[in-house]
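Reviewing the structure listed below.
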Protein chains: 2
Amino acid sequence: MAIKKSSAPTIIDVAELAGVSRATASRAMGGYGRIADHTVEQVRKAAAELGYRPNEVARAMRRGRTKTIGLVVIADFTNAFFDRATKSIVDAAKSGGYQVLISNTDEDIEAERQAIETLVDKQVDGLIVVPSTAAVHDHLAALKKSGKPFVLIDRRVEGIVATSITTDDFSGADAAVRHAYALGHRRFGFLIATAGTNGLSEERPALLISSIEDRVNGLLNGCIDLGIKKPQQSWIFCEDNRRDPELAVAKLLDRPKPPSVIITSNNDMALALLKVAGNRKLVIGKDISLITFDDSQWAAAMAPGLTVVSRPVEELGSLAIEKLVAEIKQAGQPAEKIVLPTELIARGSVANLVMYPQNEPENY
Amino acid sequence: MAIKKSSAPTIIDVAELAGVSRATASRAMGGYGRIADHTVEQVRKAAAELGYRPNEVARAMRRGRTKTIGLVVIADFTNAFFDRATKSIVDAAKSGGYQVLISNTDEDIEAERQAIETLVDKQVDGLIVVPSTAAVHDHLAALKKSGKPFVLIDRRVEGIVATSITTDDFSGADAAVRHAYALGHRRFGFLIATAGTNGLSEERPALLISSIEDRVNGLLNGCIDLGIKKPQQSWIFCEDNRRDPELAVAKLLDRPKPPSVIITSNNDMALALLKVAGNRKLVIGKDISLITFDDSQWAAAMAPGLTVVSRPVEELGSLAIEKLVAEIKQAGQPAEKIVLPTELIARGSVANLVMYPQNEPENY
DNA sequence: GAGATTTGCGAGAACGTTCTCACAAATCTT
DNA sequence: AAGATTTGTGAGAACGTTCTCGCAAATCTC
């Protein structure tokens, strides 16, 4: 009777039981190299008997790759991005044989720095990063220099040569303006969440993350193109997703001539508008109209449904894995800047004013 | 001029540059064992110069622990559970010095099995599992037997001696019934999502996951206690979260005497109700009332706000990490069954019928 | 049937770290 | 000042794999 081993069986135990060498046992399990069929069977049987499972840490150590991908995201779960992106990335990674180590930065650049460092220390084979700011990118430059494969998603970072997968938020924003205009709206309000500014501001901050930059430019483009006057007076930039978005909404609604339609840059802002509107007994899609970015189940189910700029988040995630895995398998892939199309989904949150268009073509 | 090393510097490179042995360099970096102050400084300087970072895989190999926790969840993102739980777990893990390897089972038992296996192979120090079913648990028994620490969250599994962290869904469900009753409701409808049944059913399936079991029992308890007649005729059990929840809603609404209030077991069901109600021009909180499980930002922001049974998901996540880390640090902790309180948050989705209570005390 | 090739397997190194042990030098005792 | 203790360091093993190499046996070639 053999002495019961306390810890998990290793390839050595398997080799002993099968009466072969470590190397042969390894070959039999791994199915590589020259090896006789009957030996494979013998070893497999021994492995099954012992309940042997290869130690992936030892394997990673020896092989120099962990089959693990690091994900650095902003776990901002009202954003309807984190969850969808995470799920699609985890699923796509799995089908490629990779597991995902997840890190949350909460939009903090120091946390992002540290997350990347920790993940690299853990020898992930590659990284997917949602950069929290466009202002700082020395850590990404260092990552690039280290040769560790990585892909940026949701936001580009100027000055970093890396594959990025983003969405065409410019066109989405532009389409949102045109949609509201076509329904007769002339007085626009824009509620933009940004990490860069301090508190509330009506001035456009100098440096925005690319997705917000694109949205602002798209909105502006639509306004200018349609001849909407003084669009620059219609903005509220609201620091960060957590700080007083309801105050920003109130500021917009309390204007002498409030907007008939408000376009919000994310769901946080949209929810703030919903809340304030509810408090004031303003009915969405009638007293005040709304278009927001990012679709979600609840935006579709509400009455009225929210008109949204939908972004292909799942595709973004799976494409990120695809590109990352390609680079892991074969270094030196060209850095691509992939931009996925957005789509305006019209529901009931934008009132149709065409019968009675607002009488003043110029802005308030 | 030294030859430029292509790969990342190791402790050996540091030792060489500092002019000490591997062991000494390791001690200096790790800050353990006997070592002279000036040597530490010398080694630290060399490490900084080379940009040395310890290889955590090698470290894990040697130390026998990875400082990694495996998370096996159901990435069902309409459930408002996955994202909140994941975030709180990731954050709590980080502050304990752990990273999180995430796996999604999509409520599939085979995927769950495989996920646990893969995670164990990767030598995670412990696991947090949202079990996808109560029917199968041999894999959890095997996990238990292997001695690898793990904690169950959201759902208990009978027959498995393990620490579990759940919420008091029984009381939550009971409170929901009483709340509607107090507002004058007598005709109840219950919409229960379940993985066990086939399609739609009005019969209670034999084996439900514990959280659903608790909710059903809680609802039943409230009904019986309040003297609501024939509550057994008010149920629709709907297979899985993805299969025809809208059909289930319709079935309930198309009854000869439809319910005045519907209590749904999750947000998927609630959203289905919202959708169908919207299509039929039924106003929530007026024509039809709704209470659902799990709070969310959008449930609070909608007009009317959704009355919900709120569960402390963040606390659940951080507590799971706490218990798991305790077991990792010191094996043999007692298996606790922790039940966190739920809270009914009354908003506007339940109509007040007290002025005109429904005339029939018995059920339809 | 002798040389050339193929086949199957084992010995041992390697991955990068930490840990145990031994030992010399330094410091402390009395 | 001689023994006892403490201090700092290095050699080498260990963690569990995989991989390279070499060698003997088996098979092929003409």
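Chains: A, B, ... in order of the structure tokens. Residues: from 1 per chain. Ligands: from 1, in order shown.
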
Skip DG8 in chain C itself and residues of its chain fewer than 3 positions away, then list as a PDB file with N, CA and C atoms, in the first residue's frame all residues within 7 Å of it, counting only C-alpha atoms (C1' of nucleotides).
```pdb
ATOM      1  N   ARG A  34       7.940  12.139 -30.227  1.00  0.00           N
ATOM      2  CA  ARG A  34       7.813  10.723 -30.591  1.00  0.00           C
ATOM      3  C   ARG A  34       7.434   9.916 -29.370  1.00  0.00           C
ATOM      4  N   ILE A  35       6.429   9.127 -29.530  1.00  0.00           N
ATOM      5  CA  ILE A  35       6.012   8.276 -28.419  1.00  0.00           C
ATOM      6  C   ILE A  35       5.127   7.140 -28.925  1.00  0.00           C
ATOM      7  N   ALA A  36       5.307   5.963 -28.348  1.00  0.00           N
ATOM      8  CA  ALA A  36       4.532   4.792 -28.781  1.00  0.00           C
ATOM      9  C   ALA A  36       3.099   4.871 -28.277  1.00  0.00           C
TER      10      ALA A  36
END
```

>> With only C-alpha atoms (C1' of nucleotides) as the counted atoms, please give the residues lying no more than 8 Å from range 128-137 of chain B, apart from itself and same-chain residues fewer than 3 positions off, as JSON, numbers by chain.
In response: {"B": [69, 70, 71, 72, 73, 74, 105, 107, 108, 109, 112, 140, 141, 150, 151, 152, 153, 154, 155, 156, 157, 158, 160, 195, 207, 208, 209, 210, 320, 321, 324]}

Now that the selection is made, can you save its residues with N, CA and C atoms as a compact mmCIF listing (two decimals), in the first residue's frame?
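Resulting contents of again.txt:
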```
# COMPACT_ATOMS: atom_id res chain seq x y z
N ILE B 69 -7.47 34.80 -7.18
CA ILE B 69 -8.74 34.18 -6.81
C ILE B 69 -9.56 33.96 -8.06
N GLY B 70 -10.18 32.81 -8.14
CA GLY B 70 -11.03 32.51 -9.29
C GLY B 70 -12.47 32.88 -9.01
N LEU B 71 -13.10 33.53 -9.97
CA LEU B 71 -14.50 33.91 -9.81
C LEU B 71 -15.32 33.23 -10.90
N VAL B 72 -16.27 32.44 -10.47
CA VAL B 72 -17.12 31.72 -11.42
C VAL B 72 -18.53 32.28 -11.31
N VAL B 73 -18.91 33.07 -12.28
CA VAL B 73 -20.21 33.74 -12.20
C VAL B 73 -21.06 33.50 -13.43
N ILE B 74 -22.27 33.97 -13.32
CA ILE B 74 -23.20 33.94 -14.45
C ILE B 74 -23.29 35.37 -14.96
N THR B 105 -20.17 31.28 -16.74
CA THR B 105 -20.75 29.97 -17.01
C THR B 105 -22.03 30.05 -17.82
N GLU B 107 -24.88 30.13 -16.85
CA GLU B 107 -25.86 29.25 -16.22
C GLU B 107 -25.78 27.81 -16.73
N ASP B 108 -24.65 27.45 -17.28
CA ASP B 108 -24.51 26.10 -17.82
C ASP B 108 -23.61 25.27 -16.90
N ILE B 109 -24.12 24.13 -16.49
CA ILE B 109 -23.41 23.33 -15.49
C ILE B 109 -22.11 22.76 -16.04
N GLU B 112 -19.63 25.44 -15.95
CA GLU B 112 -19.23 25.67 -14.57
C GLU B 112 -18.17 24.66 -14.14
N LEU B 140 -18.64 20.28 -6.94
CA LEU B 140 -18.37 21.07 -5.74
C LEU B 140 -17.90 20.17 -4.61
N ALA B 141 -18.47 18.99 -4.56
CA ALA B 141 -18.03 18.02 -3.55
C ALA B 141 -16.56 17.67 -3.79
N PHE B 150 -13.07 27.58 -1.04
CA PHE B 150 -14.04 28.25 -1.91
C PHE B 150 -15.24 28.73 -1.11
N VAL B 151 -15.93 29.69 -1.68
CA VAL B 151 -17.10 30.28 -1.05
C VAL B 151 -18.21 30.35 -2.09
N LEU B 152 -19.41 30.00 -1.68
CA LEU B 152 -20.57 30.08 -2.57
C LEU B 152 -21.26 31.42 -2.34
N ILE B 153 -21.64 32.09 -3.39
CA ILE B 153 -22.41 33.31 -3.19
C ILE B 153 -23.72 33.27 -3.96
N ASP B 154 -24.64 34.04 -3.46
CA ASP B 154 -25.96 34.24 -4.06
C ASP B 154 -26.87 33.03 -3.91
N ARG B 155 -26.27 31.84 -3.94
CA ARG B 155 -27.09 30.64 -3.89
C ARG B 155 -26.41 29.59 -3.03
N ARG B 156 -27.18 28.96 -2.20
CA ARG B 156 -26.67 27.84 -1.42
C ARG B 156 -26.79 26.57 -2.27
N VAL B 157 -26.04 25.57 -1.90
CA VAL B 157 -26.23 24.25 -2.50
C VAL B 157 -26.34 23.24 -1.37
N GLU B 158 -27.50 22.63 -1.27
CA GLU B 158 -27.70 21.65 -0.19
C GLU B 158 -26.79 20.46 -0.43
N ILE B 160 -23.64 20.39 0.34
CA ILE B 160 -22.24 20.82 0.27
C ILE B 160 -21.92 21.60 1.54
N ALA B 195 -34.08 28.01 -14.10
CA ALA B 195 -33.29 27.28 -15.08
C ALA B 195 -33.79 25.84 -15.19
N LEU B 207 -37.05 21.18 -8.17
CA LEU B 207 -35.78 21.64 -7.62
C LEU B 207 -35.39 22.99 -8.18
N LEU B 208 -35.39 23.98 -7.33
CA LEU B 208 -35.01 25.31 -7.77
C LEU B 208 -33.71 25.69 -7.09
N ILE B 209 -32.98 26.60 -7.68
CA ILE B 209 -31.81 27.11 -6.98
C ILE B 209 -32.29 27.83 -5.73
N SER B 210 -31.43 27.87 -4.74
CA SER B 210 -31.90 28.27 -3.42
C SER B 210 -32.50 29.67 -3.39
N ALA B 320 -17.64 37.86 0.80
CA ALA B 320 -17.15 36.62 0.19
C ALA B 320 -15.63 36.61 0.16
N ILE B 321 -15.07 37.73 -0.25
CA ILE B 321 -13.61 37.82 -0.29
C ILE B 321 -13.04 37.70 1.12
N LEU B 324 -13.22 34.13 2.25
CA LEU B 324 -12.34 33.29 1.43
C LEU B 324 -10.88 33.51 1.82
```

> Got a sec to tell me which of range 49-225 of chain A DSSP assigns to alpha helix (DSSP H), as a PyMOL selection string?
Replying inline: chain A and resi 49-50+56-63+82-95+109-121+138-146+169-182+210-225

> Using the chain letters and numbers from this document, which residues of range 46-267 of chain B does DSSP assign to strand (DSSP E), as a ChimeraX atom specification?
Replying inline: /B:68-73,99-104,126-129,150-153,163-167,188-194,200-201,235-239,261-264

>> Using only C-alpha atoms (C1' of nucleotides) and a distance of at most 10 Å, pull out the residues of chain C that contact chain A, as a PyMOL selection string.
In response: chain C and resi 7-11+14-16

Those same residues - N, CA and C atoms (P, O5', C5', C4', C3', O3' and C1' of nucleotides) - I'd like them written as a PDB file, in the first residue's frame.
```pdb
ATOM      1  P    DT C   7       9.638   7.095 -37.925  1.00  0.00           P
ATOM      2  O5'  DT C   7       9.868   6.366 -36.542  1.00  0.00           O
ATOM      3  C5'  DT C   7       9.810   4.938 -36.493  1.00  0.00           C
ATOM      4  C4'  DT C   7      10.095   4.493 -35.077  1.00  0.00           C
ATOM      5  C3'  DT C   7       9.302   5.257 -34.010  1.00  0.00           C
ATOM      6  O3'  DT C   7       8.561   4.300 -33.272  1.00  0.00           O
ATOM      7  C1'  DT C   7      11.603   5.109 -33.429  1.00  0.00           C
ATOM      8  P    DG C   8       7.475   4.733 -32.255  1.00  0.00           P
ATOM      9  O5'  DG C   8       8.311   4.727 -30.911  1.00  0.00           O
ATOM     10  C5'  DG C   8       8.704   3.461 -30.367  1.00  0.00           C
ATOM     11  C4'  DG C   8       9.547   3.731 -29.151  1.00  0.00           C
ATOM     12  C3'  DG C   8       8.870   4.602 -28.094  1.00  0.00           C
ATOM     13  O3'  DG C   8       8.767   3.826 -26.918  1.00  0.00           O
ATOM     14  C1'  DG C   8      11.102   5.322 -28.519  1.00  0.00           C
ATOM     15  P    DC C   9       8.097   4.377 -25.612  1.00  0.00           P
ATOM     16  O5'  DC C   9       9.369   4.920 -24.847  1.00  0.00           O
ATOM     17  C5'  DC C   9      10.339   3.975 -24.381  1.00  0.00           C
ATOM     18  C4'  DC C   9      11.545   4.733 -23.917  1.00  0.00           C
ATOM     19  C3'  DC C   9      11.291   5.660 -22.727  1.00  0.00           C
ATOM     20  O3'  DC C   9      11.864   5.043 -21.594  1.00  0.00           O
ATOM     21  C1'  DC C   9      12.752   6.628 -24.354  1.00  0.00           C
ATOM     22  P    DG C  10      11.558   5.585 -20.133  1.00  0.00           P
ATOM     23  O5'  DG C  10      12.960   6.264 -19.794  1.00  0.00           O
ATOM     24  C5'  DG C  10      14.144   5.483 -19.951  1.00  0.00           C
ATOM     25  C4'  DG C  10      15.360   6.366 -19.768  1.00  0.00           C
ATOM     26  C3'  DG C  10      15.304   7.255 -18.524  1.00  0.00           C
ATOM     27  O3'  DG C  10      16.591   7.238 -17.936  1.00  0.00           O
ATOM     28  C1'  DG C  10      15.605   8.601 -20.452  1.00  0.00           C
ATOM     29  P    DA C  11      16.809   7.744 -16.473  1.00  0.00           P
ATOM     30  O5'  DA C  11      18.009   8.774 -16.664  1.00  0.00           O
ATOM     31  C5'  DA C  11      18.982   8.533 -17.677  1.00  0.00           C
ATOM     32  C4'  DA C  11      19.884   9.743 -17.851  1.00  0.00           C
ATOM     33  C3'  DA C  11      20.032  10.641 -16.623  1.00  0.00           C
ATOM     34  O3'  DA C  11      21.353  11.143 -16.612  1.00  0.00           O
ATOM     35  C1'  DA C  11      19.024  11.870 -18.374  1.00  0.00           C
ATOM     36  P    DA C  14      21.405  24.808 -18.325  1.00  0.00           P
ATOM     37  O5'  DA C  14      19.980  25.501 -18.432  1.00  0.00           O
ATOM     38  C5'  DA C  14      19.233  25.412 -19.636  1.00  0.00           C
ATOM     39  C4'  DA C  14      17.794  25.711 -19.330  1.00  0.00           C
ATOM     40  C3'  DA C  14      17.595  26.885 -18.363  1.00  0.00           C
ATOM     41  O3'  DA C  14      17.119  27.987 -19.097  1.00  0.00           O
ATOM     42  C1'  DA C  14      16.144  25.028 -17.875  1.00  0.00           C
ATOM     43  P    DC C  15      17.269  29.458 -18.482  1.00  0.00           P
ATOM     44  O5'  DC C  15      15.764  29.832 -18.094  1.00  0.00           O
ATOM     45  C5'  DC C  15      14.676  29.691 -18.995  1.00  0.00           C
ATOM     46  C4'  DC C  15      13.412  29.715 -18.194  1.00  0.00           C
ATOM     47  C3'  DC C  15      13.472  30.622 -16.964  1.00  0.00           C
ATOM     48  O3'  DC C  15      12.998  31.907 -17.322  1.00  0.00           O
ATOM     49  C1'  DC C  15      12.376  28.513 -16.500  1.00  0.00           C
ATOM     50  P    DG C  16      13.942  33.191 -16.973  1.00  0.00           P
ATOM     51  O5'  DG C  16      13.572  33.447 -15.445  1.00  0.00           O
ATOM     52  C5'  DG C  16      12.267  33.899 -15.123  1.00  0.00           C
ATOM     53  C4'  DG C  16      12.092  33.838 -13.627  1.00  0.00           C
ATOM     54  C3'  DG C  16      13.116  34.673 -12.845  1.00  0.00           C
ATOM     55  O3'  DG C  16      12.397  35.493 -11.959  1.00  0.00           O
ATOM     56  C1'  DG C  16      13.001  32.470 -12.000  1.00  0.00           C
TER      57       DG C  16
END
```

> Quick one, how far is CA of Leu183 in chain A from CA of Phe81 in chain A?
Replying inline: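 Going from CA of Leu183 in chain A over to CA of Phe81 in chain A covers 28.5 Å.
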
>> Quick check: residues of chain A within 8 Å of chain B, only C-alpha atoms, returned as a VMD selection string.
In response: chain A and resid 53 to 58 60 to 61 75 77 to 78 82 to 84 87 90 to 91 99 to 104 121 to 123 271 to 272 274 to 275 278 297 to 298 300 to 304

> Within 9 Å of chain A, which residues of chain D show up when using only C-alpha atoms (C1' of nucleotides), listed as a PyMOL selection string?
Replying inline: chain D and resi 15-19

Write the residues of the preceding selection, restricted to C-alpha atoms (C1' of nucleotides), as a PDB file, in the first residue's frame.
```
ATOM      1  C1'  DC D  15       8.777  24.052  -6.970  1.00  0.00           C
ATOM      2  C1'  DG D  16       6.511  21.022 -11.652  1.00  0.00           C
ATOM      3  C1'  DT D  17       6.912  21.352 -16.014  1.00  0.00           C
ATOM      4  C1'  DT D  18       8.941  20.969 -20.930  1.00  0.00           C
ATOM      5  C1'  DC D  19      12.608  20.583 -24.067  1.00  0.00           C
TER       6       DC D  19
END
```

>> Between CA of Lys148 in chain B and CA of Val43 in chain A, what is the distance in Å, rounded to a tenth?
In response: 25.9 Å

> Please, what distance in Å, to one decimal, runs between CA of Ala25 in chain B and C1' of DT6 in chain D?
Replying inline: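 These two atoms are separated by 21.3 Å.
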